[in-house]
>>> print(open('upload15.cif').read())   # mmCIF, C-alpha atoms; chains and numbers go by the auth columns
data_my_file
#
loop_
_atom_site.group_PDB
_atom_site.id
_atom_site.type_symbol
_atom_site.label_atom_id
_atom_site.label_comp_id
_atom_site.label_asym_id
_atom_site.label_seq_id
_atom_site.Cartn_x
_atom_site.Cartn_y
_atom_site.Cartn_z
_atom_site.B_iso_or_equiv
_atom_site.auth_seq_id
_atom_site.auth_asym_id
ATOM 1 C CA MET A 1 97.573 147.407 102.314 0.00 16 A
ATOM 2 C CA SER A 2 97.255 149.422 99.151 0.00 17 A
ATOM 3 C CA THR A 3 99.182 152.665 99.163 0.00 18 A
ATOM 4 C CA GLU A 4 97.231 153.961 96.167 0.00 19 A
ATOM 5 C CA THR A 5 93.973 154.322 98.037 0.00 20 A
ATOM 6 C CA THR A 6 95.010 155.261 101.561 0.00 21 A
ATOM 7 C CA ARG A 7 97.126 157.965 103.119 0.00 22 A
ATOM 8 C CA SER A 8 98.757 158.430 106.504 0.00 23 A
ATOM 9 C CA VAL A 9 99.302 161.060 109.120 0.00 24 A
ATOM 10 C CA VAL A 10 102.880 160.807 110.391 0.00 25 A
ATOM 11 C CA ILE A 11 104.296 162.667 113.361 0.00 26 A
ATOM 12 C CA GLU A 12 107.907 162.269 114.481 0.00 27 A
ATOM 13 C CA ARG A 13 109.350 163.717 117.639 0.00 28 A
ATOM 14 C CA GLU A 14 112.611 163.484 119.586 0.00 29 A
ATOM 15 C CA MET A 15 111.910 162.655 123.227 0.00 30 A
ATOM 16 C CA PRO A 16 114.717 163.227 125.735 0.00 31 A
ATOM 17 C CA HIS A 17 113.713 160.061 127.592 0.00 32 A
ATOM 18 C CA PRO A 18 114.705 156.412 127.202 0.00 33 A
ATOM 19 C CA PRO A 19 112.445 154.116 125.120 0.00 34 A
ATOM 20 C CA GLU A 20 111.433 152.106 128.215 0.00 35 A
ATOM 21 C CA LYS A 21 109.910 155.179 129.781 0.00 36 A
ATOM 22 C CA VAL A 22 108.155 156.311 126.596 0.00 37 A
ATOM 23 C CA TRP A 23 106.845 152.757 126.234 0.00 38 A
ATOM 24 C CA ARG A 24 105.224 152.942 129.667 0.00 39 A
ATOM 25 C CA ALA A 25 103.444 156.163 128.753 0.00 40 A
ATOM 26 C CA LEU A 26 102.190 154.554 125.536 0.00 41 A
ATOM 27 C CA THR A 27 100.935 151.343 127.109 0.00 42 A
ATOM 28 C CA GLN A 28 99.891 151.855 130.753 0.00 43 A
ATOM 29 C CA SER A 29 96.225 152.674 130.994 0.00 44 A
ATOM 30 C CA SER A 30 96.519 155.279 133.759 0.00 45 A
ATOM 31 C CA LEU A 31 99.383 157.054 131.979 0.00 46 A
ATOM 32 C CA LEU A 32 97.575 156.925 128.634 0.00 47 A
ATOM 33 C CA GLU A 33 94.619 158.623 130.253 0.00 48 A
ATOM 34 C CA GLU A 34 96.840 161.530 131.280 0.00 49 A
ATOM 35 C CA TRP A 35 97.900 162.479 127.769 0.00 50 A
ATOM 36 C CA LEU A 36 95.530 160.721 125.373 0.00 51 A
ATOM 37 C CA MET A 37 92.098 159.618 126.572 0.00 52 A
ATOM 38 C CA LYS A 38 90.270 157.535 129.154 0.00 53 A
ATOM 39 C CA ASN A 39 90.722 153.922 128.205 0.00 54 A
ATOM 40 C CA ASP A 40 90.823 150.233 129.106 0.00 55 A
ATOM 41 C CA PHE A 41 93.961 149.591 127.111 0.00 56 A
ATOM 42 C CA GLN A 42 96.264 146.618 127.642 0.00 57 A
ATOM 43 C CA PRO A 43 99.336 145.906 125.502 0.00 58 A
ATOM 44 C CA ILE A 44 98.176 142.411 124.565 0.00 59 A
ATOM 45 C CA VAL A 45 97.708 141.408 120.930 0.00 60 A
ATOM 46 C CA GLY A 46 94.014 140.883 120.225 0.00 61 A
ATOM 47 C CA HIS A 47 92.864 142.933 123.215 0.00 62 A
ATOM 48 C CA ARG A 48 89.877 145.108 122.335 0.00 63 A
ATOM 49 C CA PHE A 49 89.585 148.452 124.041 0.00 64 A
ATOM 50 C CA ASN A 50 87.955 151.880 123.927 0.00 65 A
ATOM 51 C CA PHE A 51 89.342 155.340 124.092 0.00 66 A
ATOM 52 C CA ARG A 52 86.728 157.711 125.428 0.00 67 A
ATOM 53 C CA ALA A 53 86.690 161.478 125.037 0.00 68 A
ATOM 54 C CA ASP A 54 83.977 164.067 125.407 0.00 69 A
ATOM 55 C CA TRP A 55 83.748 164.204 121.610 0.00 70 A
ATOM 56 C CA GLY A 56 83.116 160.488 121.241 0.00 71 A
ATOM 57 C CA ALA A 57 84.625 157.047 121.535 0.00 72 A
ATOM 58 C CA VAL A 58 87.284 155.200 119.603 0.00 73 A
ATOM 59 C CA ASP A 59 87.133 151.417 119.240 0.00 74 A
ATOM 60 C CA GLY A 60 90.514 149.782 119.255 0.00 75 A
ATOM 61 C CA GLU A 61 92.163 146.424 118.947 0.00 76 A
ATOM 62 C CA VAL A 62 95.803 145.725 119.667 0.00 77 A
ATOM 63 C CA LEU A 63 97.476 144.427 116.512 0.00 78 A
ATOM 64 C CA ALA A 64 101.172 144.205 117.375 0.00 79 A
ATOM 65 C CA VAL A 65 103.320 144.604 120.488 0.00 80 A
ATOM 66 C CA GLU A 66 107.124 144.653 120.561 0.00 81 A
ATOM 67 C CA PRO A 67 108.020 146.003 124.002 0.00 82 A
ATOM 68 C CA ASN A 68 110.002 149.260 123.902 0.00 83 A
ATOM 69 C CA LYS A 69 110.056 149.158 120.090 0.00 84 A
ATOM 70 C CA MET A 70 106.711 149.030 118.355 0.00 85 A
ATOM 71 C CA LEU A 71 103.024 149.164 119.168 0.00 86 A
ATOM 72 C CA SER A 72 100.182 149.015 116.708 0.00 87 A
ATOM 73 C CA TYR A 73 96.417 149.165 117.176 0.00 88 A
ATOM 74 C CA GLY A 74 93.279 149.600 115.150 0.00 89 A
ATOM 75 C CA TRP A 75 91.563 152.939 115.605 0.00 90 A
ATOM 76 C CA ALA A 76 87.938 153.139 114.513 0.00 91 A
ATOM 77 C CA ALA A 77 85.847 156.238 115.136 0.00 92 A
ATOM 78 C CA PHE A 78 83.004 157.953 113.296 0.00 93 A
ATOM 79 C CA GLY A 79 83.287 155.541 110.403 0.00 94 A
ATOM 80 C CA LEU A 80 87.029 156.021 110.020 0.00 95 A
ATOM 81 C CA GLU A 81 88.859 152.690 110.064 0.00 96 A
ATOM 82 C CA SER A 82 92.529 153.340 110.652 0.00 97 A
ATOM 83 C CA VAL A 83 95.640 151.858 112.229 0.00 98 A
ATOM 84 C CA VAL A 84 97.895 153.702 114.654 0.00 99 A
ATOM 85 C CA THR A 85 101.502 152.510 114.842 0.00 100 A
ATOM 86 C CA TRP A 86 104.076 153.806 117.294 0.00 101 A
ATOM 87 C CA THR A 87 107.755 153.154 116.607 0.00 102 A
ATOM 88 C CA LEU A 88 110.433 153.858 119.222 0.00 103 A
ATOM 89 C CA THR A 89 114.076 154.086 118.175 0.00 104 A
ATOM 90 C CA PRO A 90 116.769 154.664 120.795 0.00 105 A
ATOM 91 C CA THR A 91 119.053 157.634 120.148 0.00 106 A
ATOM 92 C CA SER A 92 122.072 159.064 121.992 0.00 107 A
ATOM 93 C CA THR A 93 119.787 161.555 123.719 0.00 108 A
ATOM 94 C CA GLY A 94 116.672 159.463 124.261 0.00 109 A
ATOM 95 C CA THR A 95 114.051 158.217 121.840 0.00 110 A
ATOM 96 C CA HIS A 96 112.997 159.018 118.337 0.00 111 A
ATOM 97 C CA LEU A 97 109.228 158.574 118.457 0.00 112 A
ATOM 98 C CA ARG A 98 107.224 158.060 115.312 0.00 113 A
ATOM 99 C CA MET A 99 103.442 157.892 115.133 0.00 114 A
ATOM 100 C CA GLU A 100 101.769 156.816 111.936 0.00 115 A
ATOM 101 C CA GLN A 101 98.015 156.707 111.549 0.00 116 A
ATOM 102 C CA SER A 102 97.235 154.970 108.292 0.00 117 A
ATOM 103 C CA GLY A 103 94.063 154.164 106.430 0.00 118 A
ATOM 104 C CA PHE A 104 92.785 157.583 105.359 0.00 119 A
ATOM 105 C CA ARG A 105 91.043 156.998 102.108 0.00 120 A
ATOM 106 C CA THR A 106 91.539 159.449 99.329 0.00 121 A
ATOM 107 C CA ASP A 107 87.973 159.198 98.113 0.00 122 A
ATOM 108 C CA GLN A 108 85.123 160.857 99.896 0.00 123 A
ATOM 109 C CA GLU A 109 83.484 157.730 101.232 0.00 124 A
ATOM 110 C CA GLN A 110 85.201 158.226 104.556 0.00 125 A
ATOM 111 C CA ALA A 111 83.622 161.607 104.982 0.00 126 A
ATOM 112 C CA PHE A 112 80.184 160.229 104.128 0.00 127 A
ATOM 113 C CA LYS A 113 80.569 157.609 106.803 0.00 128 A
ATOM 114 C CA GLY A 114 81.833 160.188 109.250 0.00 129 A
ATOM 115 C CA ALA A 115 78.776 162.238 108.508 0.00 130 A
ATOM 116 C CA LYS A 116 76.502 159.261 108.926 0.00 131 A
ATOM 117 C CA TYR A 117 77.924 157.951 112.153 0.00 132 A
ATOM 118 C CA GLY A 118 78.161 161.007 114.274 0.00 133 A
ATOM 119 C CA TRP A 119 79.109 164.228 112.661 0.00 134 A
ATOM 120 C CA GLN A 120 77.144 166.140 115.261 0.00 135 A
ATOM 121 C CA GLY A 121 79.233 164.935 118.160 0.00 136 A
ATOM 122 C CA PHE A 122 82.261 165.129 115.960 0.00 137 A
ATOM 123 C CA PHE A 123 81.740 168.818 115.238 0.00 138 A
ATOM 124 C CA ALA A 124 81.150 169.631 118.871 0.00 139 A
ATOM 125 C CA GLY A 125 84.368 167.857 119.754 0.00 140 A
ATOM 126 C CA LEU A 126 86.292 169.241 116.829 0.00 141 A
ATOM 127 C CA GLU A 127 85.419 172.776 117.795 0.00 142 A
ATOM 128 C CA LYS A 128 86.532 172.085 121.352 0.00 143 A
ATOM 129 C CA VAL A 129 89.799 170.483 120.315 0.00 144 A
ATOM 130 C CA LEU A 130 90.630 173.222 117.839 0.00 145 A
ATOM 131 C CA ALA A 131 89.715 175.948 120.300 0.00 146 A
ATOM 132 C CA ARG A 132 92.206 174.510 122.748 0.00 147 A
ATOM 133 C CA ILE A 133 94.957 174.133 120.164 0.00 148 A
ATOM 134 C CA GLU A 134 94.676 177.625 118.708 0.00 149 A
ATOM 135 C CA MET B 1 80.994 177.005 110.220 0.00 7 B
ATOM 136 C CA ALA B 2 77.559 176.617 108.665 0.00 8 B
ATOM 137 C CA LEU B 3 76.559 173.759 110.967 0.00 9 B
ATOM 138 C CA ALA B 4 77.628 175.486 114.170 0.00 10 B
ATOM 139 C CA ASP B 5 74.185 177.075 114.327 0.00 11 B
ATOM 140 C CA PRO B 6 71.641 174.728 115.982 0.00 12 B
ATOM 141 C CA THR B 7 68.731 175.782 113.748 0.00 13 B
ATOM 142 C CA ARG B 8 70.771 175.178 110.617 0.00 14 B
ATOM 143 C CA ARG B 9 71.979 171.876 111.990 0.00 15 B
ATOM 144 C CA ALA B 10 68.364 170.846 112.681 0.00 16 B
ATOM 145 C CA LEU B 11 67.297 171.867 109.163 0.00 17 B
ATOM 146 C CA PHE B 12 70.163 169.963 107.600 0.00 18 B
ATOM 147 C CA GLU B 13 69.426 166.900 109.734 0.00 19 B
ATOM 148 C CA ARG B 14 65.772 166.955 108.800 0.00 20 B
ATOM 149 C CA LEU B 15 66.551 167.254 105.102 0.00 21 B
ATOM 150 C CA SER B 16 69.061 164.407 105.413 0.00 22 B
ATOM 151 C CA ARG B 17 66.421 162.275 107.091 0.00 23 B
ATOM 152 C CA GLU B 18 63.263 163.164 105.194 0.00 24 B
ATOM 153 C CA GLY B 19 64.511 164.014 101.728 0.00 25 B
ATOM 154 C CA GLU B 20 63.187 166.878 99.654 0.00 26 B
ATOM 155 C CA LEU B 21 61.087 169.470 101.513 0.00 27 B
ATOM 156 C CA THR B 22 59.707 172.930 100.818 0.00 28 B
ATOM 157 C CA VAL B 23 60.406 176.009 102.952 0.00 29 B
ATOM 158 C CA ARG B 24 56.808 175.906 104.128 0.00 30 B
ATOM 159 C CA VAL B 25 57.081 172.315 105.360 0.00 31 B
ATOM 160 C CA LEU B 26 60.477 173.010 106.893 0.00 32 B
ATOM 161 C CA THR B 27 59.070 176.012 108.734 0.00 33 B
ATOM 162 C CA SER B 28 56.115 174.097 110.161 0.00 34 B
ATOM 163 C CA ARG B 29 58.133 172.223 112.778 0.00 35 B
ATOM 164 C CA SER B 30 61.193 174.418 113.092 0.00 36 B
ATOM 165 C CA GLY B 31 59.991 176.837 115.739 0.00 37 B
ATOM 166 C CA VAL B 32 61.263 179.800 113.708 0.00 38 B
ATOM 167 C CA SER B 33 59.667 182.062 111.107 0.00 39 B
ATOM 168 C CA GLN B 34 59.617 181.340 107.392 0.00 40 B
ATOM 169 C CA PRO B 35 61.989 184.247 106.526 0.00 41 B
ATOM 170 C CA ALA B 36 64.415 182.937 109.156 0.00 42 B
ATOM 171 C CA VAL B 37 64.248 179.429 107.676 0.00 43 B
ATOM 172 C CA SER B 38 64.848 180.880 104.198 0.00 44 B
ATOM 173 C CA LYS B 39 67.855 182.774 105.490 0.00 45 B
ATOM 174 C CA HIS B 40 69.343 179.651 107.083 0.00 46 B
ATOM 175 C CA LEU B 41 68.723 177.692 103.896 0.00 47 B
ATOM 176 C CA ARG B 42 70.603 180.334 101.907 0.00 48 B
ATOM 177 C CA VAL B 43 73.617 179.879 104.190 0.00 49 B
ATOM 178 C CA LEU B 44 73.428 176.089 103.844 0.00 50 B
ATOM 179 C CA LYS B 45 73.087 176.425 100.077 0.00 51 B
ATOM 180 C CA ARG B 46 76.088 178.739 99.855 0.00 52 B
ATOM 181 C CA THR B 47 78.272 176.197 101.669 0.00 53 B
ATOM 182 C CA GLY B 48 77.029 173.382 99.460 0.00 54 B
ATOM 183 C CA LEU B 49 75.204 171.496 102.203 0.00 55 B
ATOM 184 C CA VAL B 50 71.758 171.782 100.629 0.00 56 B
ATOM 185 C CA LYS B 51 70.499 172.284 97.128 0.00 57 B
ATOM 186 C CA GLY B 52 67.280 173.902 95.929 0.00 58 B
ATOM 187 C CA ARG B 53 65.094 172.876 93.025 0.00 59 B
ATOM 188 C CA HIS B 54 62.434 175.195 91.674 0.00 60 B
ATOM 189 C CA LYS B 55 59.074 173.589 91.046 0.00 61 B
ATOM 190 C CA GLY B 56 56.281 175.977 90.195 0.00 62 B
ATOM 191 C CA ARG B 57 56.334 178.759 92.763 0.00 63 B
ATOM 192 C CA GLN B 58 57.946 176.601 95.393 0.00 64 B
ATOM 193 C CA THR B 59 61.569 175.707 95.974 0.00 65 B
ATOM 194 C CA HIS B 60 62.210 172.166 97.118 0.00 66 B
ATOM 195 C CA TYR B 61 65.286 171.743 99.255 0.00 67 B
ATOM 196 C CA SER B 62 67.340 168.605 99.830 0.00 68 B
ATOM 197 C CA ALA B 63 70.533 167.755 101.686 0.00 69 B
ATOM 198 C CA ARG B 64 73.847 167.288 99.943 0.00 70 B
ATOM 199 C CA PRO B 65 75.775 165.003 102.320 0.00 71 B
ATOM 200 C CA GLN B 66 78.832 165.265 100.077 0.00 72 B
ATOM 201 C CA GLY B 67 78.884 168.915 101.133 0.00 73 B
ATOM 202 C CA LEU B 68 80.152 167.645 104.473 0.00 74 B
ATOM 203 C CA ALA B 69 83.253 166.156 102.888 0.00 75 B
ATOM 204 C CA PRO B 70 85.414 169.286 103.019 0.00 76 B
ATOM 205 C CA LEU B 71 84.326 169.804 106.636 0.00 77 B
ATOM 206 C CA VAL B 72 85.084 166.315 107.887 0.00 78 B
ATOM 207 C CA ASP B 73 88.737 166.393 106.936 0.00 79 B
ATOM 208 C CA TRP B 74 90.033 163.501 108.992 0.00 80 B
ATOM 209 C CA MET B 75 93.668 163.911 108.060 0.00 81 B
ATOM 210 C CA ASN B 76 93.642 167.533 109.062 0.00 82 B
ATOM 211 C CA PHE B 77 91.751 166.741 112.244 0.00 83 B
ATOM 212 C CA TYR B 78 94.102 163.942 113.280 0.00 84 B
ATOM 213 C CA SER B 79 97.255 165.885 112.370 0.00 85 B
ATOM 214 C CA ARG B 80 96.243 168.536 114.878 0.00 86 B
ATOM 215 C CA PHE B 81 94.913 165.988 117.338 0.00 87 B
ATOM 216 C CA TRP B 82 98.164 163.983 117.485 0.00 88 B
ATOM 217 C CA GLN B 83 100.383 167.073 117.577 0.00 89 B
ATOM 218 C CA ASP B 84 98.417 168.232 120.592 0.00 90 B
ATOM 219 C CA ARG B 85 98.415 164.813 122.297 0.00 91 B
ATOM 220 C CA ILE B 86 102.125 164.201 121.690 0.00 92 B
ATOM 221 C CA ASP B 87 102.858 167.592 123.256 0.00 93 B
ATOM 222 C CA ARG B 88 100.945 166.356 126.281 0.00 94 B
ATOM 223 C CA LEU B 89 102.882 163.085 126.189 0.00 95 B
ATOM 224 C CA GLY B 90 106.090 165.112 126.313 0.00 96 B
ATOM 225 C CA ASP B 91 104.846 167.014 129.352 0.00 97 B
ATOM 226 C CA LEU B 92 103.843 163.771 131.055 0.00 98 B
ATOM 227 C CA LEU B 93 107.266 162.194 130.417 0.00 99 B
ATOM 228 C CA LYS B 94 108.893 165.185 132.126 0.00 100 B
ATOM 229 C CA ARG B 95 106.734 164.608 135.200 0.00 101 B
ATOM 230 C CA MET B 96 107.278 160.823 135.301 0.00 102 B
ATOM 231 C CA GLU B 97 109.899 159.037 137.375 0.00 103 B
ATOM 232 C CA GLN B 98 112.772 157.565 135.382 0.00 104 B
#
>>> encode(input="upload15.cif", output="C-alpha cells")
Amino acid sequence: MSTETTRSVVIEREMPHPPEKVWRALTQSSLLEEWLMKNDFQPIVGHRFNFRADWGAVDGEVLAVEPNKMLSYGWAAFGLESVVTWTLTPTSTGTHLRMEQSGFRTDQEQAFKGAKYGWQGFFAGLEKVLARIE
Amino acid sequence: MALADPTRRALFERLSREGELTVRVLTSRSGVSQPAVSKHLRVLKRTGLVKGRHKGRQTHYSARPQGLAPLVDWMNFYSRFWQDRIDRLGDLLKRMEQ
C-alpha cells in the first residue's frame, strides 16, 4: 500500500474492559448491530458481508482475524474503497482499542466516485448523522 | 448546504445528466418559475456546483461535479462517524456481561 497517495482516519480509545469482551462486541453480529449497523458479519477470513444503515450500505470482506488482537475488513461504500483495522492491546485497566480506516485518496477522484454512486443518499444520511452528533 | 434544497438538487442532477442547458429549458420541466430557477442557479453557481456560459442573450448552464469534492469529505465524515460509533461501543460494553 502506498502511503503517498492514501491517508487514514485513526481513532484510539482506552476501554475499561478486557480484550475478550471488546472482541465479542467487534465480531458478533447481534452486538455489532447495537453499536455499528445491521449486518451479516462473521469473523471468518474471506467472508463477504454488508453493513446496512438508513443512509446506505457498506460492502465488506473480512481480510484478517486474530482473535482478541486484530480484525481487518474491507469497507466499500459510495465509491470509497477502504480498509478498517481494529487492534486490541491489553492494558492494566482493560484494552487499548485502535481503529484505523485506510485508503482515503488525497486526490479528488474519490469524491467524484462518491458523487457518482450515491451522493443523494449520502447527503441525506450525512445530515442525519451530523444532526445526531452535534 | 446548497444541495439540501430539493429543487436545487433536481436542477443539479439534471445538469449532471443532460449536460449544458439554458434557464428556459431548465424551467420547462422543473415545476417552478423561471425567476425561481435563476435564483437557484445563482446559489449553485456561488458554491461552485454549476457554471454558466454566456452565448448570445442566453446563459448556458452545466454541472461542475468537482464542486462536490469539498462537500463529500470522506475523512471528515468518517472521523465523526467512528467517534460516534465508538462512543456507542463503549456504552454497549458497559451493558454487556463480563
>>> resolve_selection(input="upload15.cif", expression="the PyMOL selection byres ((chain B and resi 21-29) around 6)", output="list in words")
Phe18, Glu19, Arg20, Arg30, Val31, Leu32, Thr33, Thr65, His66, Tyr67, Ser68 and Ala69 of chain B
>>> closest_residue(input="upload15.cif", among="B:Arg63, B:Arg91, B:Arg35, B:Arg101", to="chain A", atoms="all atoms listed in the file")
B:Arg91
>>> resolve_selection(input="upload15.cif", expression="the PyMOL selection byres ((chain A and resi 97-105) around 9)", output="ChimeraX atom specification")
/A:33-34,37-38,41,75,78-79,83-92,95-96,106-119
>>> closest_residue(input="upload15.cif", among="A:His62, A:Arg120, A:Lys53, A:His32", to="Lys100 (chain B)", atoms="all atoms listed in the file")
A:His32
>>> atom_distance(input="upload15.cif", atom1="CA of Lys45 (chain B)", atom2="CA of Arg70 (chain B)")
17.5 Å
>>> residues_near_point(input="upload15.cif", point="(92.2, 158.4, 124.4)", cutoff="9 Å", atoms="only C-alpha atoms", output="MDAnalysis selection string")
chainID A and resid 47:54 65:68 72:73
>>> atom_distance(input="upload15.cif", atom1="CA of Arg22 (chain A)", atom2="CA of Phe83 (chain B)")
13.8 Å
>>> closest_residue(input="upload15.cif", among="B:Gly62, B:Val49, B:Ile92, B:Leu99", to="Leu17 (chain B)", atoms="only C-alpha atoms")
B:Val49
>>> atom_distance(input="upload15.cif", atom1="CA of Leu98 (chain B)", atom2="CA of Glu76 (chain A)")
24.2 Å
>>> closest_residue(input="upload15.cif", among="A:Pro82, A:Pro31, A:Thr42, A:Asp74", to="chain B", atoms="only C-alpha atoms")
A:Pro31
>>> decode(input="upload15.cif", residues="region 11-32 of chain B", atoms="C-alpha atoms", output="PDB file, in the first residue's frame")
ATOM      1  CA  ASP B  11     -32.897  22.084  -1.279  1.00  0.00           C
ATOM      2  CA  PRO B  12     -34.813  19.546  -3.426  1.00  0.00           C
ATOM      3  CA  THR B  13     -35.306  21.924  -6.370  1.00  0.00           C
ATOM      4  CA  ARG B  14     -31.613  22.746  -6.468  1.00  0.00           C
ATOM      5  CA  ARG B  15     -30.747  19.086  -6.152  1.00  0.00           C
ATOM      6  CA  ALA B  16     -33.061  18.289  -9.087  1.00  0.00           C
ATOM      7  CA  LEU B  17     -31.509  21.067 -11.192  1.00  0.00           C
ATOM      8  CA  PHE B  18     -28.007  19.886 -10.404  1.00  0.00           C
ATOM      9  CA  GLU B  19     -28.940  16.279 -11.174  1.00  0.00           C
ATOM     10  CA  ARG B  20     -30.475  17.235 -14.484  1.00  0.00           C
ATOM     11  CA  LEU B  21     -27.438  19.265 -15.494  1.00  0.00           C
ATOM     12  CA  SER B  22     -25.179  16.375 -14.472  1.00  0.00           C
ATOM     13  CA  ARG B  23     -27.244  14.021 -16.600  1.00  0.00           C
ATOM     14  CA  GLU B  24     -28.072  16.118 -19.646  1.00  0.00           C
ATOM     15  CA  GLY B  25     -25.110  18.446 -19.961  1.00  0.00           C
ATOM     16  CA  GLU B  26     -25.389  22.100 -20.871  1.00  0.00           C
ATOM     17  CA  LEU B  27     -28.882  23.627 -20.647  1.00  0.00           C
ATOM     18  CA  THR B  28     -30.396  27.101 -20.718  1.00  0.00           C
ATOM     19  CA  VAL B  29     -32.576  28.570 -17.959  1.00  0.00           C
ATOM     20  CA  ARG B  30     -35.549  28.318 -20.290  1.00  0.00           C
ATOM     21  CA  VAL B  31     -35.042  24.594 -20.893  1.00  0.00           C
ATOM     22  CA  LEU B  32     -34.352  24.007 -17.212  1.00  0.00           C
TER      23      LEU B  32
END
